[in-house]
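I have placed the structure first, in the form of structure tokens, so that the comments after it can refer back to it.
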Amino acid sequence: MQMLSEVLERSTVKRRRRFWMTNGGKSTMSSSLHLRIPNSCIIAQDAFFKDDSVIAVDSNGFKQYDVLDALHMDRMMSKIESWRKDPGSFLASQSLRTQCSVGEEVFVLIVEGFLIFNYGPLNELMDKRYFLEIPYDVCKERRGSRVYTPPDLPGYFDGYVWPRYLKNRQEMEDMVSDIVFLDGLKSKEDLLDYVYGDVTMEIQSLMGKD
């Protein structure tokens with residue numbers, strides 16, 4: 001899942017991309033891209049959850065994690081804005097080294113999360129958007145194989161996670177049209193090669209406009 005506004009400042013090409021869907025492989029994809037792309041870093045939406053004590057509970061006793069109100073989106077946007085203002089300094093603050101040729105700086109921000117396409121101010125900044133999708137049965141199996149804190153209540157996936165995903169997805173599709181949907185059942189290598197190639201072409205295109 002990705003973001004785009006073609007920002008060219010000082011010989012600097014700034015690029016943002018992003019990924020969605022719970023248990024769909026977005027974190028693995030983002031980490032793999034980060035390793036391949038020089039001057040890149042990741043901002044993950046999961047790092048901005050509010051304290052569990054303030055997360056709303058529905059009539060079934062299910063915590064409402066998969067909604068924007070469960071997240072400090074203002075803090076996430078503040079961090080993204082810090083990167084936009086000075087990506088080189090931002091990388092240094094994250095203990096990441098820059099790799100730039102003289103007179104040419106290309107910085108890439110990978111935004112990874114489960115509701116990143118449902119937040120308008122974030123969408124306005126995106127260069128590329130990728131959505132990893134997997135079918136219900138695979139998603140449920142992956143969810144059941146992982147340990148969460150706090151742990152999922154019995155029936156949580158069918159009673160909350162999947163219905164909320166469908167609702168969020170419909171909202172997303174109503175808001176955003178230029179999303180590249182990726183088949184999460186394909187091999188990680190094939191998916192990575194595709195996205196990396198697409199991102200590389202976009203970076204070269206933006207550099208050509210400088």
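Residues in the structure tokens are numbered from 1 in each chain, the chains being A, B, ... in the order shown, and ligands are numbered from 1 in the order shown.
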
Quiz prompt | Contacts of Arg75 of chain A within 10 Å, only C-alpha atoms, excl. fewer than 5 positions in-chain, as an NGL selection string | solution = :A and (47-48 or 80-81)

Quiz prompt | chain A: residues DSSP assigns to strand (DSSP E or B), reported as a VMD selection string | solution = chain A and resid 4 7 to 9 12 to 19 40 to 44 49 57 63 71 101 104 to 112 126 128 to 133 180 to 183

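Using only C-alpha atoms, the nearest neighbour of Lys50 of chain A within the list A:Cys139, A:Ala92, A:Leu68, A:Val108 is A:Leu68.
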
Exercise. Compile the contact shell of Lys63 of chain A as a list in words: residues with an atom at most 10 Å away, counting only C-alpha atoms, same-chain residues fewer than 5 positions apart removed.
Key: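 Using only C-alpha atoms, the neighbours found are Asp52, Val54, Ile55, Ala56, Val57, Asp58, Ala70, Pro150, Asp152, Leu153, Tyr156, Tyr160 and Val161 of chain A.
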
Store the residues picked out above in a file with C-alpha atoms, as a tab-separated table (two decimals), in the first residue's frame.
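Ended up saving to result.tsv:
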chain	number	residue	atom	x	y	z
A	52	ASP	CA	-5.79	-0.53	25.20
A	54	VAL	CA	-9.35	3.58	25.75
A	55	ILE	CA	-10.21	1.24	22.86
A	56	ALA	CA	-14.00	1.02	22.42
A	57	VAL	CA	-15.84	-2.26	22.99
A	58	ASP	CA	-18.92	-3.32	21.00
A	70	ALA	CA	-8.20	3.36	17.77
A	150	PRO	CA	-4.29	-9.02	24.33
A	152	ASP	CA	-8.27	-12.63	20.45
A	153	LEU	CA	-11.54	-13.62	22.12
A	156	TYR	CA	-13.36	-12.49	17.26
A	160	TYR	CA	-15.42	-8.54	14.20
A	161	VAL	CA	-12.18	-8.77	12.19

Using 12 Å as the limit and counting only C-alpha atoms, can you tabulate each residue of segment 115-142 of chain A that touches segment 28-43 of chain A, with its shortest atom-to-atom distance in Å and the two atoms involved, as a tab-separated table?
residue	atom	partner	partner_atom	distance
A:Ile116	CA	A:Ile43	CA	11.0
A:Tyr130	CA	A:Met29	CA	10.3
A:Phe131	CA	A:Met29	CA	10.9
A:Leu132	CA	A:Met29	CA	9.2

Selected residues written out with N, CA and C atoms, as a CSV table (one decimal), in the first residue's frame:
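Okay, this is what ended up in result_23.csv:
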chain,number,residue,atom,x,y,z
A,116,ILE,N,-4.5,2.6,6.2
A,116,ILE,CA,-3.8,3.7,5.6
A,116,ILE,C,-4.6,4.3,4.4
A,130,TYR,N,-0.3,0.0,-2.9
A,130,TYR,CA,-0.4,-1.4,-3.1
A,130,TYR,C,-1.2,-2.0,-2.0
A,131,PHE,N,-2.1,-2.9,-2.4
A,131,PHE,CA,-3.0,-3.6,-1.5
A,131,PHE,C,-2.8,-5.1,-1.6
A,132,LEU,N,-2.3,-5.7,-0.6
A,132,LEU,CA,-2.1,-7.2,-0.6
A,132,LEU,C,-3.4,-7.8,-0.1

Quiz item: When distances are computed from only C-alpha atoms, which of A:Ser89, A:Gly25, A:Asp190, A:Tyr136 shows the smallest separation from Pro163 of chain A?
Solution: A:Tyr136

Quiz item: Between A:Phe157, A:Tyr165, A:Lys85, A:Met175, which one has atoms that come closest to Gly120 of chain A, using only C-alpha atoms?
Solution: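 Going through A:Phe157, A:Tyr165, A:Lys85, A:Met175 one by one, the smallest distance to Gly120 of chain A is for A:Met175.
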
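Distance-wise, atom CA of Arg129 of chain A and atom CA of Leu182 of chain A end up 10.4 Å apart.
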
Practice problem: Fewer than 3 positions away in the same chain doesn't count, so skip those; otherwise give me all residues within 8 Å of Asp46 of chain A, counting only C-alpha atoms, as a VMD selection string. | Solution: chain A and resid 49 113 to 114

Can I get the selected residues back with N, CA and C atoms, as a CSV table (one decimal), in the first residue's frame?
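Below is the file selection-v7.csv, written as the result:
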chain,number,residue,atom,x,y,z
A,49,PHE,N,-1.1,2.7,17.8
A,49,PHE,CA,-2.4,2.4,18.5
A,49,PHE,C,-2.5,3.2,19.8
A,113,GLY,N,0.4,-0.4,6.8
A,113,GLY,CA,-0.6,-0.4,7.8
A,113,GLY,C,-1.9,-1.0,7.3
A,114,PHE,N,-2.9,-1.1,8.2
A,114,PHE,CA,-4.1,-1.8,7.9
A,114,PHE,C,-5.3,-0.8,7.6

Quiz item: Could you write out, as a PyMOL selection string, all the residues of segment 15-137 of chain A that DSSP marks as helix (DSSP H, G or I)?
Solution: chain A and resi 26-36+45-48+52-54+68-70+73-85+87-93+116-118+120-123+136-137
